[in-house]
Every structure is written in structure tokens, then in C-alpha cells.
Amino acid sequence: MSLSDARLAQIAARFSELEARLASGQLEGAAFVAASRDYAELEPVARASEAVREMRGELASLAALDETDPEMRALAEEEVARLKAELPEAERLLAIAMLPRDTADSRPAMLEIRAGTGGDEAALFAADLFRMYERFAAEQGWRVEVISANASDIGGFKEIVANIAGSGVFAKLKFESGVHRVQRVPVTESGGRIHTSAATVAVLPEPDEVDVQIEDKDLKIDIYRASGAGGQHVNTTDSAVRITHLPSGLVVIQQDERSQHKNRAKAMQVLRARLYEKMREEAHGVEAEARKAMVGSGDRSERIRTYNFPQGRVTDHRINLTLHRLPEILEGPGLGELIDALIAEDQAKRLAAMDE
């Protein structure tokens with residue numbers, strides 16, 4: 001997809017207009033927020049567009065040079081060759097910047113990890129996955145807050161839910177939803193046999209309160225005594241909260257905090273994220289066929305990745321990518337390579353779909 005010079009000029013003009021409006025100091029409240037959002041969304045497109053405009057302008061200038069000077073002609077030919085070699089990549093980056101964005105890409109995310117098949121070993125693997133995302137988040141400068149955790153007896157997690165806040169969290173992590181499989185010798189295995197276990201990961205964009213309106217009449221809230229690990233307040237204080245959203249049937253239980261009010265606030269945070277995702281899934285239902293062409297549908301039942309300890313490899317089945325860097329990936333730094341490959345594949349498929 002190659003944009004005309006007129007279209008590039010339109011992008012530059014729109015960006016300059018937004019810059020001027022924001023710098024004027026005349027925008028307030030909702031108008032300022034809207035203009036700031038438009039500016040942030042247009043900025044990467046404008047920067048990529050300007051790079052293409054400059055290259056095209058240089059090519060035009062070089063073509064107009066006086067060719068009677070042999071030395072100048074030789075220099076011009078070298079520069080033209082360089083620009084012609086670099087221009088297609090600049091145009092490709094512009095096309096990527098102009099791809100329709102998921103409106104949730106810039107949002108923080110709710111990360112939910114649940115142990116699947118494999119008993120205690122699956123719970124240990126769920127803990128490994130959470131630590132992997134926690135370390136990756138730290139590298140990105142994101143903040144991780146555990147909302148709720150159901151620990152297993154040997155140190156893993158039957159389930160853990162966390163909020164990850166920062167810039168572009170959902171855009172980076174949205175392809176992590178699905179079934180993650182591990183092949184290794186469990187710590188509980190005395191015979192040295194390799195077992196296969198699994199954990200389910202769900203990454204949900206976290207909405208603003210205005211995105212999901214929840215009315216009190218639609219909620220059934222039960223307060224009861226907490227159970228399990230948690231300190232002296234357990235079994236002595238009615239602090240656990242179970243919220244049922246009657247229209248959807250969604251149920252959220254929160255008991256990690258000593259305060260009933262804190263548990264209720266966290267439960268509402270999780271409920272709001274799940275309702276928002278449900279709304280997104282329903283909205284995307286009309287685009288089901290198009291979504292199948294993407295890297296992954298985000299379906300939690302889809303097996304997406306295998307972590308093989310004996311061979312030290314991680315395989316992402318959606319893009320047939322295998323990296324023999326399992327320790328680095330589980331430690332966090334290596335995960336970025338997998339995520340970047342998934343994003344690049346998604347972009348390539350969407351560009352191809354636009355060209356058809």
C-alpha cells in the first residue's frame with residue numbers, strides 16, 4: 001500500500017492542526033482529553049508519513065540536479081540508490097502505523113492465570129508463568145498489582161489474577177491468551193518421567209468506569225467469612241465478597257483483603273474487565289471470519305505455546321516459531337522476542353488482507 005503525496009500532506013496538516021490546538025491553551029476538560037487522545041493516536045502515523053515525504057522529496061531534488069557534472073552525477077546516483085532501497089521499508093512502516101488499531105491497545109490489562117490439567121504440577125507452572133509476566137512487566141516499566149491469588153499447598157497457584165498498568169500493556173500482551181503447555185519432570189515425580197501439564201492465561205483490557213455501566217439492581221452481593229490463607233482475620237471476619245452480575249451470570253469472588261470494602265472494590269474491578277471483554281467479543285462476532293486470519297482469536301481453549309524443559313525450547317504453535325531459550329523466556333527478557341514476532345505476524349497478515 002503506497003499513499004499518494006496528497007494523502008501524506010493531509011496527514012501532516014491534520015497533525016499540525018492538533019499540535020496548534022493543544023499548544024493554544026484554549027482547550028479544557030473533555031475537549032482537551034479528546035484532542036490529546038487524537039494527537040497520541042496520530043503521532044506515530046505522522047512521524048512515519050514525514051519520513052516517507054522526506055525521502056520522496058530528496059529523490060525529486062536529486063532527479064532535478066544538473067547532470068553535466070560527472071562528480072555530482074555519481075554522488076547523486078549513490079544517494080538515489082540508497083533512497084530507493086530504503087523507501088519501501090519506510091512505506092511499509094507507514095502502512096503498519098495506519099492499520100486500524102484495537103481501541104483497547106493502549107489500556108492496562110487484567111491478567112488471569114489458572115492451573116489446568118496436571119494437578120500440583122500445573123499449579124507450579126501457573127506460578128512460573130505469573131513470574132515470567134511479572135518480570136517482563138518490570139522490564140517494560142509497568143506496575144503489577146495482585147488482585148487475588150489461590151495458592152496451592154506446594155507453592156504454586158491454582159488461580160491468580162493481577163492488574164498490569166502502564167503504556168500499551170494490552171497491545172503487548174493480548175496474544176498471550178490461551179492454553180500454555182509445559183513438558184518437564186515434576187518435582188513430585190520420583191521416577192524421572194516427563195509429564196505434560198497446562199495452565200490457562202487470559203489477558204483482558206481494563207476499561208474505564210464510563211466504558212461499562214453497572215447498575216446496582218443488576219448485582220447480587222454476598223458477604224461471608226473468608227477461608228484459607230490470609231492471617232488472623234480468616235474465619236473471624238465477614239470480609240469475603242461474592243458478586244453475581246445477574247444479566248450475564250458472571251460471578252467474581254474476592255477474599256484476599258482484610259477489608260470487606262477493599263474486597264468489593266477489587267471484585268468490581270475484575271467484574272468490569274470481564275464484562276468489557278464480553279462486550280468486545282460480542283462486537284467482534286460480526287468479524288469472526290476476519291479474526292480467524294489473525295495470529296490468534298484470544299480463545300482461552302486454544303493451545304498456543306509449549307515450554308519443553310528437557311530440550312530447553314519454547315514453541316509458539318500459531319506462528320510455528322521455536323526458540324531454544326527457555327530459561328531466558330521464563331525469566332522475562334526472552335519473552336519480548338516471542339511477543340514481537342506475534343505482533344509482526346499479525347501486522348503482516350492484516351497488511352496482506354488490506355492489499356487483497
# chains A, B, ... in the order shown; residues from 1 in each chain; ligands from 1
$ residues_around --residues "A:Ser152" --least-positions-apart "2" --cutoff "12 Å" --atoms "only C-alpha atoms" --output "list in words"
Arg114, Ala115, Gly119, Asp120, Glu121, Ala122, Ala123, Leu124, Phe125, Ala126, Ala127, Ala149, Asn150, Ile154, Gly155, Gly156, Phe157, Lys158, Glu159, Ile160, Gly228 and Ala229 of chain A
$ write_last_selection --atoms "C-alpha atoms" --output "PDB file, in the first residue's frame"
ATOM      1  CA  ARG A 114      -5.410 -20.713  36.123  1.00  0.00           C
ATOM      2  CA  ALA A 115      -3.867 -24.140  36.611  1.00  0.00           C
ATOM      3  CA  GLY A 119      -2.677 -31.119  39.444  1.00  0.00           C
ATOM      4  CA  ASP A 120       0.121 -29.699  41.618  1.00  0.00           C
ATOM      5  CA  GLU A 121       2.494 -29.510  38.670  1.00  0.00           C
ATOM      6  CA  ALA A 122       0.008 -27.354  36.753  1.00  0.00           C
ATOM      7  CA  ALA A 123      -0.236 -25.033  39.773  1.00  0.00           C
ATOM      8  CA  LEU A 124       3.567 -24.722  39.887  1.00  0.00           C
ATOM      9  CA  PHE A 125       3.605 -23.957  36.171  1.00  0.00           C
ATOM     10  CA  ALA A 126       0.924 -21.282  36.681  1.00  0.00           C
ATOM     11  CA  ALA A 127       3.270 -19.673  39.226  1.00  0.00           C
ATOM     12  CA  ALA A 149      -4.477 -15.449  44.459  1.00  0.00           C
ATOM     13  CA  ASN A 150      -5.462 -19.002  45.347  1.00  0.00           C
ATOM     14  CA  ILE A 154       3.247 -26.805  47.426  1.00  0.00           C
ATOM     15  CA  GLY A 155       3.771 -23.192  46.409  1.00  0.00           C
ATOM     16  CA  GLY A 156       2.043 -22.794  43.065  1.00  0.00           C
ATOM     17  CA  PHE A 157      -1.188 -21.054  42.135  1.00  0.00           C
ATOM     18  CA  LYS A 158      -4.493 -22.694  41.397  1.00  0.00           C
ATOM     19  CA  GLU A 159      -5.513 -19.248  40.190  1.00  0.00           C
ATOM     20  CA  ILE A 160      -4.009 -15.772  40.263  1.00  0.00           C
ATOM     21  CA  GLY A 228      -7.804 -20.366  53.505  1.00  0.00           C
ATOM     22  CA  ALA A 229      -4.520 -18.492  53.931  1.00  0.00           C
TER      23      ALA A 229
END
$ closest_residue --among "A:Glu41, A:Glu328, A:Asp218, A:Glu282" --to "A:Asp102" --atoms "only C-alpha atoms"
A:Glu41
$ residues_around --residues "A:Gln255" --least-positions-apart "4" --cutoff "6 Å" --atoms "only C-alpha atoms" --output "ChimeraX atom specification"
/A:226,240,263
$ select_by_dssp --residues "stretch 123-211 of chain A" --states "helix (DSSP H, G or I)" --output "ChimeraX atom specification"
/A:123-140,169-176,209-211
$ atom_distance --atom1 "atom CA of A:Ala76" --atom2 "atom CA of A:Ala63"
8.2 Å
$ decode --residues "stretch 14-25 of chain A" --atoms "N, CA and C atoms" --output "mmCIF file, in the first residue's frame"
data_model
loop_
_atom_site.group_PDB
_atom_site.id
_atom_site.type_symbol
_atom_site.label_atom_id
_atom_site.label_comp_id
_atom_site.auth_asym_id
_atom_site.auth_seq_id
_atom_site.Cartn_x
_atom_site.Cartn_y
_atom_site.Cartn_z
ATOM 1 N N ARG A 14 -3.219 17.655 9.302
ATOM 2 C CA ARG A 14 -4.055 17.294 10.448
ATOM 3 C C ARG A 14 -3.225 17.263 11.731
ATOM 4 N N PHE A 15 -2.014 16.742 11.650
ATOM 5 C CA PHE A 15 -1.144 16.664 12.824
ATOM 6 C C PHE A 15 -0.742 18.061 13.296
ATOM 7 N N SER A 16 -0.411 18.934 12.352
ATOM 8 C CA SER A 16 -0.049 20.320 12.692
ATOM 9 C C SER A 16 -1.221 21.043 13.340
ATOM 10 N N GLU A 17 -2.419 20.762 12.836
ATOM 11 C CA GLU A 17 -3.618 21.384 13.406
ATOM 12 C C GLU A 17 -3.808 20.956 14.861
ATOM 13 N N LEU A 18 -3.636 19.652 15.137
ATOM 14 C CA LEU A 18 -3.773 19.154 16.508
ATOM 15 C C LEU A 18 -2.708 19.751 17.418
ATOM 16 N N GLU A 19 -1.470 19.844 16.925
ATOM 17 C CA GLU A 19 -0.388 20.448 17.714
ATOM 18 C C GLU A 19 -0.736 21.886 18.088
ATOM 19 N N ALA A 20 -1.254 22.629 17.121
ATOM 20 C CA ALA A 20 -1.587 24.037 17.361
ATOM 21 C C ALA A 20 -2.722 24.168 18.373
ATOM 22 N N ARG A 21 -3.725 23.301 18.257
ATOM 23 C CA ARG A 21 -4.864 23.357 19.191
ATOM 24 C C ARG A 21 -4.414 23.057 20.617
ATOM 25 N N LEU A 22 -3.557 22.067 20.778
ATOM 26 C CA LEU A 22 -3.093 21.702 22.113
ATOM 27 C C LEU A 22 -2.183 22.781 22.694
ATOM 28 N N ALA A 23 -1.410 23.426 21.834
ATOM 29 C CA ALA A 23 -0.483 24.461 22.306
ATOM 30 C C ALA A 23 -1.185 25.776 22.585
ATOM 31 N N SER A 24 -2.398 25.943 22.095
ATOM 32 C CA SER A 24 -3.098 27.221 22.234
ATOM 33 C C SER A 24 -3.517 27.517 23.671
ATOM 34 N N GLY A 25 -3.683 26.472 24.473
ATOM 35 C CA GLY A 25 -4.126 26.653 25.846
ATOM 36 C C GLY A 25 -5.610 26.954 25.969
#
